[in-house]
Amino acid sequence: MQELARLILSINAAPLNRIRFAKTIYFVHKELIRKGMMQPEDISYIRSPLGPVPEGFLTLALAPSILLRKTATPLLSFDAEEYLINPEYPETSPPLISQSRLQPLIKRVLDLLNAHSTTALVEASHDPSWLSHPNGVHYLISTTDLKNMFPFPQIRIKIRIKRKKPSSQAGALQANLLRGMLKDIVQESTDLEYPDQPDTDKSTPKQEPS
């Protein structure tokens, strides 16, 4: 994961904030799996309210080749830091994967991702595996997850529906955060209200026809 993260940052034209970087690794990994250049087992993910986070993602800031710096005008706490390549650190470790083969493909994915907001990346990362797990659970990208081809364009029938635009990027991310936590909140509320009651059959008795 650290090697792929370094390669993404070296190819990308600009630093990436925490949320966007985690989602970028996820979508790049998915495409490399489709092309047979990586395996799902190479990187596992942790289910978080704002989508999958690569396992070990928080340790990237400890790598000497990657810098973590404060942003000038953060909107939210998770937008207060950004990752970038350390220009003063010489690359000494040999690559575990063929960078010459990966660079064109990663560059294409990055170009497509850069056309979307961070909120769009968060929403698109809510694949079936993310939907089927509670927060904090580790999982691998599944075959079903690969069917979501985002950010690659898909052939579909266009139906124009007017949607109310979110007031801000920060507001949209907050909404996604709440949706991601909703399942846990409902479960905890249910456990508090009915702490020791087993499930019972509450089916409605049949009524005689009039």
# chains A, B, ... in the order shown; residues from 1 in each chain; ligands from 1
>>> select_by_dssp(residues="region 9-40 of chain A", states="helix (DSSP H, G or I)", output="list of chain:residue names")
A:Leu9, A:Ser10, A:Ile11, A:Arg18, A:Ile19, A:Arg20, A:Phe21, A:Ala22, A:Lys23, A:Thr24, A:Ile25, A:Tyr26, A:Phe27, A:Val28, A:His29, A:Lys30, A:Glu31, A:Leu32, A:Ile33, A:Arg34, A:Pro40
>>> write_last_selection(atoms="C-alpha atoms", output="compact mmCIF listing (two decimals), in the first residue's frame")
# COMPACT_ATOMS: atom_id res chain seq x y z
CA LEU A 9 1.55 11.07 -5.18
CA SER A 10 4.50 11.18 -7.58
CA ILE A 11 2.20 11.02 -10.62
CA ARG A 18 -6.72 12.80 3.70
CA ILE A 19 -10.15 11.74 2.44
CA ARG A 20 -9.35 12.20 -1.24
CA PHE A 21 -6.06 10.33 -0.93
CA ALA A 22 -7.69 7.32 0.75
CA LYS A 23 -10.38 7.14 -1.93
CA THR A 24 -7.81 7.59 -4.71
CA ILE A 25 -5.85 4.59 -3.46
CA TYR A 26 -9.09 2.60 -3.40
CA PHE A 27 -10.12 3.40 -6.99
CA VAL A 28 -6.61 2.94 -8.37
CA HIS A 29 -6.35 -0.42 -6.62
CA LYS A 30 -9.67 -1.52 -8.12
CA GLU A 31 -8.51 -0.71 -11.64
CA LEU A 32 -5.18 -2.50 -11.12
CA ILE A 33 -7.13 -5.58 -10.00
CA ARG A 34 -9.22 -5.43 -13.19
CA PRO A 40 -7.51 -7.89 -3.76
>>> closest_residue(among="A:Ala80, A:Met149, A:Leu173, A:Leu67", to="Thr119 (chain A)", atoms="only C-alpha atoms")
A:Leu173
>>> residues_around(residues="region 43-56 of chain A", least_positions_apart="2", cutoff="6 Å", atoms="only C-alpha atoms", output="list in words")
Ala22, Glu41, Leu58, Thr59, Val122, Ser125, His126, Asn135, Gly136, Val137, His138, Tyr139, Leu140, Leu177, Gly180 and Met181 of chain A
>>> write_last_selection(atoms="N, CA and C atoms", output="PDB file, in the first residue's frame")
ATOM      1  N   ALA A  22      -7.231   8.670   0.425  1.00  0.00           N
ATOM      2  CA  ALA A  22      -7.690   7.318   0.749  1.00  0.00           C
ATOM      3  C   ALA A  22      -8.588   6.764  -0.346  1.00  0.00           C
ATOM      4  N   GLU A  41      -6.028  -9.132  -2.247  1.00  0.00           N
ATOM      5  CA  GLU A  41      -5.339  -9.375  -0.989  1.00  0.00           C
ATOM      6  C   GLU A  41      -4.170  -8.417  -0.759  1.00  0.00           C
ATOM      7  N   LEU A  58      -2.908   5.422   8.027  1.00  0.00           N
ATOM      8  CA  LEU A  58      -2.417   6.429   8.966  1.00  0.00           C
ATOM      9  C   LEU A  58      -0.905   6.359   9.155  1.00  0.00           C
ATOM     10  N   THR A  59      -0.288   5.237   8.774  1.00  0.00           N
ATOM     11  CA  THR A  59       1.169   5.122   8.912  1.00  0.00           C
ATOM     12  C   THR A  59       1.919   5.752   7.748  1.00  0.00           C
ATOM     13  N   VAL A 122     -16.366  10.004  -2.395  1.00  0.00           N
ATOM     14  CA  VAL A 122     -16.873   9.338  -1.197  1.00  0.00           C
ATOM     15  C   VAL A 122     -18.123   8.527  -1.526  1.00  0.00           C
ATOM     16  N   SER A 125     -17.524   5.395  -3.594  1.00  0.00           N
ATOM     17  CA  SER A 125     -16.785   4.325  -2.909  1.00  0.00           C
ATOM     18  C   SER A 125     -17.688   3.444  -2.053  1.00  0.00           C
ATOM     19  N   HIS A 126     -18.973   3.776  -1.977  1.00  0.00           N
ATOM     20  CA  HIS A 126     -19.905   2.984  -1.183  1.00  0.00           C
ATOM     21  C   HIS A 126     -20.366   1.763  -1.985  1.00  0.00           C
ATOM     22  N   ASN A 135     -19.102  -0.273  10.590  1.00  0.00           N
ATOM     23  CA  ASN A 135     -17.889   0.516  10.701  1.00  0.00           C
ATOM     24  C   ASN A 135     -16.829  -0.221  11.524  1.00  0.00           C
ATOM     25  N   GLY A 136     -15.582  -0.100  11.077  1.00  0.00           N
ATOM     26  CA  GLY A 136     -14.458  -0.706  11.783  1.00  0.00           C
ATOM     27  C   GLY A 136     -14.078  -2.082  11.303  1.00  0.00           C
ATOM     28  N   VAL A 137     -14.889  -2.698  10.459  1.00  0.00           N
ATOM     29  CA  VAL A 137     -14.618  -4.056   9.973  1.00  0.00           C
ATOM     30  C   VAL A 137     -13.643  -4.002   8.796  1.00  0.00           C
ATOM     31  N   HIS A 138     -12.707  -4.941   8.758  1.00  0.00           N
ATOM     32  CA  HIS A 138     -11.750  -5.052   7.662  1.00  0.00           C
ATOM     33  C   HIS A 138     -12.343  -5.947   6.566  1.00  0.00           C
ATOM     34  N   TYR A 139     -12.125  -5.585   5.320  1.00  0.00           N
ATOM     35  CA  TYR A 139     -12.627  -6.402   4.210  1.00  0.00           C
ATOM     36  C   TYR A 139     -11.762  -6.192   2.970  1.00  0.00           C
ATOM     37  N   LEU A 140     -11.945  -7.076   1.984  1.00  0.00           N
ATOM     38  CA  LEU A 140     -11.227  -6.993   0.717  1.00  0.00           C
ATOM     39  C   LEU A 140     -12.190  -6.588  -0.392  1.00  0.00           C
ATOM     40  N   LEU A 177     -21.085  11.553   6.060  1.00  0.00           N
ATOM     41  CA  LEU A 177     -20.600  11.053   7.338  1.00  0.00           C
ATOM     42  C   LEU A 177     -21.751  10.518   8.184  1.00  0.00           C
ATOM     43  N   GLY A 180     -23.146   7.296   6.722  1.00  0.00           N
ATOM     44  CA  GLY A 180     -22.252   6.180   6.995  1.00  0.00           C
ATOM     45  C   GLY A 180     -22.346   5.674   8.420  1.00  0.00           C
ATOM     46  N   MET A 181     -22.754   6.546   9.356  1.00  0.00           N
ATOM     47  CA  MET A 181     -22.868   6.158  10.759  1.00  0.00           C
ATOM     48  C   MET A 181     -24.270   5.720  11.129  1.00  0.00           C
TER      49      MET A 181
END
>>> residues_around(residues="Asp145 (chain A)", least_positions_apart="4", cutoff="9 Å", atoms="only C-alpha atoms", output="PyMOL selection string")
chain A and resi 30+127-130+141+149
